[in-house]
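**Student:** Next up is a structure, given as C-alpha coordinates.
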Number of protein chains: 2
Amino acid sequence: MKSKLGQYCINVSDLEGSANFYVEALGLEILHRTDVSETCKEIIVGDPQEGARLQLAHHTDRKGPIDQGNAFWKLYIDTDDCNGLYERAVGAGARPEMAPKKLEKWPVTIAFLKDPDGYLIELVES
Amino acid sequence: MKSKLGQYCINVSDLEGSANFYVEALGLEILHRTDVSETCKEIIVGDPQEGARLQLAHHTDRKGPIDQGNAFWKLYIDTDDCNGLYERAVGAGARPEMAPKKLEKWPVTIAFLKDPDGYLIELVES
(Lines give C-alpha, C1' and ligand atoms only; values in the text may rest on other atoms or scores of the structure.)
Protein backbone atom coordinates (compact mmCIF):
# COMPACT_ATOMS: atom_id res chain seq x y z
CA MET A 1 0.00 0.00 0.00
CA LYS A 2 1.60 3.22 -1.17
CA SER A 3 0.86 6.72 0.05
CA LYS A 4 2.34 10.13 -0.56
CA LEU A 5 1.38 13.68 0.18
CA GLY A 6 -0.40 15.37 -2.67
CA GLN A 7 -1.52 18.93 -3.03
CA TYR A 8 -3.04 20.99 -0.26
CA CYS A 9 -6.09 23.15 -0.49
CA ILE A 10 -6.81 26.57 0.97
CA ASN A 11 -10.01 28.56 0.87
CA VAL A 12 -9.85 31.92 -0.86
CA SER A 13 -12.36 34.74 -1.13
CA ASP A 14 -11.61 35.72 -4.75
CA LEU A 15 -10.55 32.80 -6.92
CA GLU A 16 -9.34 34.67 -9.99
CA GLY A 17 -7.63 37.31 -7.84
CA SER A 18 -5.78 34.66 -5.85
CA ALA A 19 -4.78 32.68 -8.91
CA ASN A 20 -3.48 35.86 -10.56
CA PHE A 21 -1.52 36.62 -7.41
CA TYR A 22 0.27 33.28 -7.40
CA VAL A 23 1.04 33.67 -11.11
CA GLU A 24 1.97 37.36 -11.28
CA ALA A 25 3.55 37.83 -7.86
CA LEU A 26 5.18 34.45 -7.32
CA GLY A 27 5.79 32.98 -10.76
CA LEU A 28 3.65 29.85 -10.47
CA GLU A 29 1.44 28.55 -13.26
CA ILE A 30 -2.23 27.71 -13.42
CA LEU A 31 -2.29 23.93 -13.89
CA HIS A 32 -5.94 23.02 -13.64
CA ARG A 33 -9.40 24.47 -13.15
CA THR A 34 -12.32 22.52 -11.73
CA ASP A 35 -15.94 23.50 -11.17
CA VAL A 36 -16.58 21.13 -8.29
CA SER A 37 -20.18 22.18 -7.79
CA GLU A 38 -22.43 25.18 -8.27
CA THR A 39 -20.96 26.75 -5.14
CA CYS A 40 -17.35 25.57 -5.28
CA LYS A 41 -14.75 26.39 -7.89
CA GLU A 42 -11.07 25.49 -7.74
CA ILE A 43 -7.81 26.39 -9.44
CA ILE A 44 -4.57 24.48 -8.93
CA VAL A 45 -1.31 26.44 -9.16
CA GLY A 46 2.26 25.19 -9.13
CA ASP A 47 4.88 24.11 -11.61
CA PRO A 48 4.01 21.43 -14.15
CA GLN A 49 7.37 19.70 -13.63
CA GLU A 50 8.33 19.96 -9.98
CA GLY A 51 7.45 21.15 -6.52
CA ALA A 52 4.20 20.96 -4.64
CA ARG A 53 0.82 22.04 -5.88
CA LEU A 54 -1.58 24.42 -4.22
CA GLN A 55 -5.31 24.16 -4.71
CA LEU A 56 -7.25 27.39 -4.32
CA ALA A 57 -10.92 26.85 -3.53
CA HIS A 58 -13.71 29.38 -3.55
CA HIS A 59 -17.04 28.61 -1.96
CA THR A 60 -19.32 31.14 -3.59
CA ASP A 61 -21.92 30.76 -0.84
CA ARG A 62 -19.47 31.91 1.85
CA LYS A 63 -19.24 35.64 2.34
CA GLY A 64 -16.75 37.75 4.22
CA PRO A 65 -13.03 37.44 4.76
CA ILE A 66 -11.22 34.16 5.35
CA ASP A 67 -10.91 33.35 9.06
CA GLN A 68 -7.24 32.48 9.41
CA GLY A 69 -7.53 30.95 12.90
CA ASN A 70 -4.09 29.67 13.93
CA ALA A 71 -4.01 26.36 12.07
CA PHE A 72 -2.18 26.96 8.81
CA TRP A 73 1.07 28.76 9.46
CA LYS A 74 2.77 29.32 6.11
CA LEU A 75 3.65 28.00 2.73
CA TYR A 76 7.12 28.06 1.27
CA ILE A 77 8.25 29.30 -2.10
CA ASP A 78 11.74 28.10 -3.01
CA THR A 79 13.58 30.52 -5.24
CA ASP A 80 17.06 31.22 -6.56
CA ASP A 81 16.59 34.98 -6.03
CA CYS A 82 14.88 35.96 -2.80
CA ASN A 83 15.43 39.68 -3.27
CA GLY A 84 14.18 39.68 -6.83
CA LEU A 85 11.11 37.59 -6.08
CA TYR A 86 10.29 39.70 -3.02
CA GLU A 87 10.39 42.90 -5.07
CA ARG A 88 8.35 41.35 -7.84
CA ALA A 89 5.75 40.09 -5.38
CA VAL A 90 5.40 43.36 -3.50
CA GLY A 91 5.18 45.18 -6.82
CA ALA A 92 2.34 42.85 -7.77
CA GLY A 93 0.41 43.59 -4.59
CA ALA A 94 1.76 41.15 -1.98
CA ARG A 95 1.64 42.49 1.56
CA PRO A 96 5.24 42.77 2.82
CA GLU A 97 5.85 41.15 6.22
CA MET A 98 9.66 40.90 6.37
CA ALA A 99 12.19 42.07 3.79
CA PRO A 100 14.83 39.55 2.63
CA LYS A 101 17.26 38.66 5.39
CA LYS A 102 20.23 36.33 5.40
CA LEU A 103 19.97 34.07 8.42
CA GLU A 104 22.90 33.39 10.70
CA LYS A 105 21.69 30.06 12.00
CA TRP A 106 20.98 28.48 8.59
CA PRO A 107 22.58 29.16 5.18
CA VAL A 108 19.48 30.70 3.65
CA THR A 109 17.98 34.06 2.78
CA ILE A 110 14.30 34.38 3.63
CA ALA A 111 11.51 36.91 3.34
CA PHE A 112 7.85 36.96 4.34
CA LEU A 113 4.79 38.14 2.45
CA LYS A 114 1.05 37.71 2.71
CA ASP A 115 -1.29 36.76 -0.10
CA PRO A 116 -4.60 38.59 -0.70
CA ASP A 117 -6.41 36.51 1.97
CA GLY A 118 -3.66 36.86 4.56
CA TYR A 119 -1.94 33.51 4.02
CA LEU A 120 1.67 33.80 5.10
CA ILE A 121 4.30 32.99 2.48
CA GLU A 122 7.98 32.41 3.22
CA LEU A 123 10.37 32.92 0.32
CA VAL A 124 13.50 30.81 0.72
CA GLU A 125 16.75 31.04 -1.21
CA SER A 126 19.28 28.42 -0.19
CA MET B 1 14.36 34.02 -11.49
CA LYS B 2 12.99 30.62 -10.58
CA SER B 3 10.31 29.83 -8.06
CA LYS B 4 8.43 26.73 -7.03
CA LEU B 5 6.14 25.74 -4.21
CA GLY B 6 7.93 24.09 -1.35
CA GLN B 7 6.52 22.50 1.76
CA TYR B 8 3.65 23.89 3.76
CA CYS B 9 3.49 24.27 7.47
CA ILE B 10 0.64 23.68 9.90
CA ASN B 11 0.51 24.32 13.62
CA VAL B 12 -0.09 21.29 15.83
CA SER B 13 -0.74 20.97 19.54
CA ASP B 14 1.30 17.79 20.12
CA LEU B 15 4.33 17.50 17.85
CA GLU B 16 5.31 13.89 18.53
CA GLY B 17 1.68 12.78 18.51
CA SER B 18 1.08 14.44 15.15
CA ALA B 19 4.27 13.08 13.62
CA ASN B 20 3.39 9.58 14.81
CA PHE B 21 -0.04 10.00 13.28
CA TYR B 22 1.33 10.85 9.84
CA VAL B 23 3.74 7.91 10.05
CA GLU B 24 1.53 5.23 11.61
CA ALA B 25 -1.82 6.19 10.16
CA LEU B 26 -0.83 7.48 6.75
CA GLY B 27 2.49 5.85 5.89
CA LEU B 28 4.64 8.97 5.59
CA GLU B 29 8.18 9.23 6.93
CA ILE B 30 9.85 11.67 9.30
CA LEU B 31 12.34 13.51 7.11
CA HIS B 32 13.71 16.22 9.35
CA ARG B 33 13.53 17.66 12.85
CA THR B 34 14.34 21.27 13.69
CA ASP B 35 14.40 23.09 16.99
CA VAL B 36 13.71 26.53 15.61
CA SER B 37 13.75 28.28 18.96
CA GLU B 38 13.07 27.59 22.60
CA THR B 39 9.36 27.82 21.94
CA CYS B 40 9.09 26.35 18.44
CA LYS B 41 9.89 22.83 17.32
CA GLU B 42 9.23 21.35 13.91
CA ILE B 43 9.10 17.98 12.20
CA ILE B 44 8.84 17.53 8.45
CA VAL B 45 6.98 14.47 7.15
CA GLY B 46 6.66 13.17 3.61
CA ASP B 47 8.41 10.78 1.30
CA PRO B 48 12.15 11.21 0.72
CA GLN B 49 11.73 10.62 -3.02
CA GLU B 50 8.49 12.14 -4.17
CA GLY B 51 5.40 14.10 -3.29
CA ALA B 52 4.96 17.18 -1.19
CA ARG B 53 6.31 17.73 2.32
CA LEU B 54 4.37 18.76 5.35
CA GLN B 55 5.96 20.70 8.16
CA LEU B 56 4.41 20.23 11.58
CA ALA B 57 5.16 23.09 13.97
CA HIS B 58 4.55 23.24 17.70
CA HIS B 59 4.72 26.53 19.55
CA THR B 60 5.19 25.39 23.11
CA ASP B 61 4.02 28.74 24.47
CA ARG B 62 0.60 28.39 22.84
CA LYS B 63 -1.93 26.49 24.86
CA GLY B 64 -5.31 25.07 23.94
CA PRO B 65 -6.63 23.46 20.78
CA ILE B 66 -5.77 24.64 17.29
CA ASP B 67 -8.27 27.18 15.97
CA GLN B 68 -9.10 25.81 12.52
CA GLY B 69 -10.85 28.96 11.28
CA ASN B 70 -11.94 28.36 7.68
CA ALA B 71 -8.66 29.02 5.87
CA PHE B 72 -6.99 25.66 5.33
CA TRP B 73 -9.45 23.24 3.80
CA LYS B 74 -7.65 19.92 3.36
CA LEU B 75 -4.54 18.09 2.37
CA TYR B 76 -4.44 15.20 -0.03
CA ILE B 77 -2.85 11.81 0.40
CA ASP B 78 -2.48 9.96 -2.91
CA THR B 79 -2.66 6.21 -2.51
CA ASP B 80 -3.03 3.05 -4.57
CA ASP B 81 -5.41 1.56 -1.98
CA CYS B 82 -7.97 3.98 -0.56
CA ASN B 83 -9.88 1.29 1.37
CA GLY B 84 -6.75 -0.18 2.91
CA LEU B 85 -5.27 3.17 3.87
CA TYR B 86 -8.59 4.33 5.33
CA GLU B 87 -8.84 1.23 7.53
CA ARG B 88 -5.22 1.55 8.59
CA ALA B 89 -5.67 5.21 9.45
CA VAL B 90 -8.88 4.75 11.42
CA GLY B 91 -7.26 1.84 13.23
CA ALA B 92 -4.39 4.14 14.15
CA GLY B 93 -6.72 6.77 15.59
CA ALA B 94 -7.76 8.96 12.66
CA ARG B 95 -11.22 10.46 13.02
CA PRO B 96 -13.37 9.05 10.20
CA GLU B 97 -15.27 11.68 8.21
CA MET B 98 -16.36 9.77 5.08
CA ALA B 99 -15.74 6.12 4.23
CA PRO B 100 -14.20 5.33 0.83
CA LYS B 101 -16.53 6.13 -2.02
CA LYS B 102 -16.09 5.77 -5.76
CA LEU B 103 -17.08 9.01 -7.41
CA GLU B 104 -19.32 9.13 -10.45
CA LYS B 105 -18.10 12.47 -11.75
CA TRP B 106 -14.37 11.66 -11.64
CA PRO B 107 -12.56 8.29 -11.93
CA VAL B 108 -11.33 8.25 -8.35
CA THR B 109 -12.14 6.69 -5.00
CA ILE B 110 -11.91 9.12 -2.09
CA ALA B 111 -12.31 9.09 1.67
CA PHE B 112 -12.05 11.73 4.38
CA LEU B 113 -10.36 11.64 7.77
CA LYS B 114 -9.25 14.15 10.37
CA ASP B 115 -5.86 14.27 12.03
CA PRO B 116 -5.47 14.76 15.81
CA ASP B 117 -5.85 18.55 15.51
CA GLY B 118 -8.84 18.40 13.20
CA TYR B 119 -7.03 18.96 9.90
CA LEU B 120 -9.07 17.43 7.11
CA ILE B 121 -7.34 14.79 4.99
CA GLU B 122 -8.65 13.50 1.68
CA LEU B 123 -7.39 10.08 0.59
CA VAL B 124 -7.42 9.75 -3.20
CA GLU B 125 -6.97 6.61 -5.27
CA SER B 126 -7.04 7.24 -9.00
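Each chain in the C-alpha coordinates gets a letter, A, B, ..., in the order shown, and its residues are numbered from 1; ligands are numbered from 1 in order too.
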Please identify all residues of chain B having at least one atom at most 7 Å from any atom of chain A, considering only C-alpha atoms, and return them as a ChimeraX atom specification.
**Tutor:** /B:1-11,26-28,46-47,51-53,66-81
**Student:** Quick one: pick out all alpha helix (DSSP H) residues within chain B from a backbone DSSP run and write them as a PDB file with N, CA and C atoms, in the first residue's frame.
**Tutor:**
ATOM      1  N   LEU B  15       3.448  17.749  19.001  1.00  0.00           N
ATOM      2  CA  LEU B  15       4.328  17.498  17.853  1.00  0.00           C
ATOM      3  C   LEU B  15       4.607  16.014  17.641  1.00  0.00           C
ATOM      4  N   GLU B  16       4.993  15.315  18.699  1.00  0.00           N
ATOM      5  CA  GLU B  16       5.311  13.891  18.532  1.00  0.00           C
ATOM      6  C   GLU B  16       4.056  13.088  18.180  1.00  0.00           C
ATOM      7  N   GLY B  17       2.941  13.468  18.809  1.00  0.00           N
ATOM      8  CA  GLY B  17       1.681  12.781  18.507  1.00  0.00           C
ATOM      9  C   GLY B  17       1.280  12.957  17.050  1.00  0.00           C
ATOM     10  N   SER B  18       1.428  14.180  16.546  1.00  0.00           N
ATOM     11  CA  SER B  18       1.083  14.437  15.148  1.00  0.00           C
ATOM     12  C   SER B  18       2.022  13.703  14.200  1.00  0.00           C
ATOM     13  N   ALA B  19       3.304  13.764  14.488  1.00  0.00           N
ATOM     14  CA  ALA B  19       4.272  13.081  13.616  1.00  0.00           C
ATOM     15  C   ALA B  19       3.987  11.580  13.594  1.00  0.00           C
ATOM     16  N   ASN B  20       3.729  11.005  14.761  1.00  0.00           N
ATOM     17  CA  ASN B  20       3.386   9.583  14.809  1.00  0.00           C
ATOM     18  C   ASN B  20       2.147   9.279  13.981  1.00  0.00           C
ATOM     19  N   CYS B  82      -7.215   3.057  -1.427  1.00  0.00           N
ATOM     20  CA  CYS B  82      -7.971   3.977  -0.558  1.00  0.00           C
ATOM     21  C   CYS B  82      -8.624   3.218   0.595  1.00  0.00           C
ATOM     22  N   ASN B  83      -9.232   2.072   0.307  1.00  0.00           N
ATOM     23  CA  ASN B  83      -9.885   1.294   1.370  1.00  0.00           C
ATOM     24  C   ASN B  83      -8.881   0.846   2.421  1.00  0.00           C
ATOM     25  N   GLY B  84      -7.756   0.319   1.969  1.00  0.00           N
ATOM     26  CA  GLY B  84      -6.755  -0.181   2.905  1.00  0.00           C
ATOM     27  C   GLY B  84      -6.166   0.930   3.759  1.00  0.00           C
ATOM     28  N   LEU B  85      -5.872   2.061   3.116  1.00  0.00           N
ATOM     29  CA  LEU B  85      -5.271   3.168   3.873  1.00  0.00           C
ATOM     30  C   LEU B  85      -6.286   3.765   4.849  1.00  0.00           C
ATOM     31  N   TYR B  86      -7.535   3.816   4.430  1.00  0.00           N
ATOM     32  CA  TYR B  86      -8.591   4.329   5.327  1.00  0.00           C
ATOM     33  C   TYR B  86      -8.695   3.453   6.571  1.00  0.00           C
ATOM     34  N   GLU B  87      -8.712   2.143   6.375  1.00  0.00           N
ATOM     35  CA  GLU B  87      -8.836   1.230   7.525  1.00  0.00           C
ATOM     36  C   GLU B  87      -7.608   1.330   8.428  1.00  0.00           C
ATOM     37  N   ARG B  88      -6.444   1.390   7.804  1.00  0.00           N
ATOM     38  CA  ARG B  88      -5.215   1.550   8.590  1.00  0.00           C
ATOM     39  C   ARG B  88      -5.252   2.835   9.417  1.00  0.00           C
ATOM     40  N   ALA B  89      -5.673   3.916   8.774  1.00  0.00           N
ATOM     41  CA  ALA B  89      -5.667   5.213   9.455  1.00  0.00           C
ATOM     42  C   ALA B  89      -6.674   5.246  10.608  1.00  0.00           C
ATOM     43  N   VAL B  90      -7.865   4.761  10.362  1.00  0.00           N
ATOM     44  CA  VAL B  90      -8.881   4.753  11.424  1.00  0.00           C
ATOM     45  C   VAL B  90      -8.416   3.849  12.564  1.00  0.00           C
ATOM     46  N   GLY B  91      -7.796   2.728  12.207  1.00  0.00           N
ATOM     47  CA  GLY B  91      -7.257   1.835  13.232  1.00  0.00           C
ATOM     48  C   GLY B  91      -6.178   2.496  14.067  1.00  0.00           C
TER      49      GLY B  91
END
**Student:** Using only C-alpha atoms, pick whichever of B:Tyr22, B:Ser126, B:Met98, B:Gly64 has the shortest atom-to-atom distance to Leu113 in chain B.
**Tutor:**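 Answer, going by the shortest atom-to-atom distance: B:Met98.
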**Student:** Kindly give the distance, in Å, that separates CA of Arg95 in chain A and CA of Phe112 in chain A, rounded to a single decimal.
**Tutor:** 8.8 Å
**Student:** Run DSSP on the backbone and give me the residues of chain B it puts in strand (DSSP E or B), as a PyMOL selection string.
**Tutor:** chain B and resi 3-11+29-37+40-46+53-59+72-79+95-102+109-114+120-125
**Student:** Within 10 Å of range 40-43 of chain B, which residues of range 57-106 of chain B show up? Give each one with its shortest atom-to-atom distance in Å (one decimal) and the two atoms involved, counting only C-alpha atoms, rows by chain then rising residue number, as JSON lines.
**Tutor:**
{"residue": "B:Ala57", "atom": "CA", "partner": "B:Glu42", "partner_atom": "CA", "distance": 4.4}
{"residue": "B:His58", "atom": "CA", "partner": "B:Lys41", "partner_atom": "CA", "distance": 5.4}
{"residue": "B:His59", "atom": "CA", "partner": "B:Cys40", "partner_atom": "CA", "distance": 4.5}
{"residue": "B:Thr60", "atom": "CA", "partner": "B:Cys40", "partner_atom": "CA", "distance": 6.2}
{"residue": "B:Asp61", "atom": "CA", "partner": "B:Cys40", "partner_atom": "CA", "distance": 8.2}
{"residue": "B:Arg62", "atom": "CA", "partner": "B:Cys40", "partner_atom": "CA", "distance": 9.8}
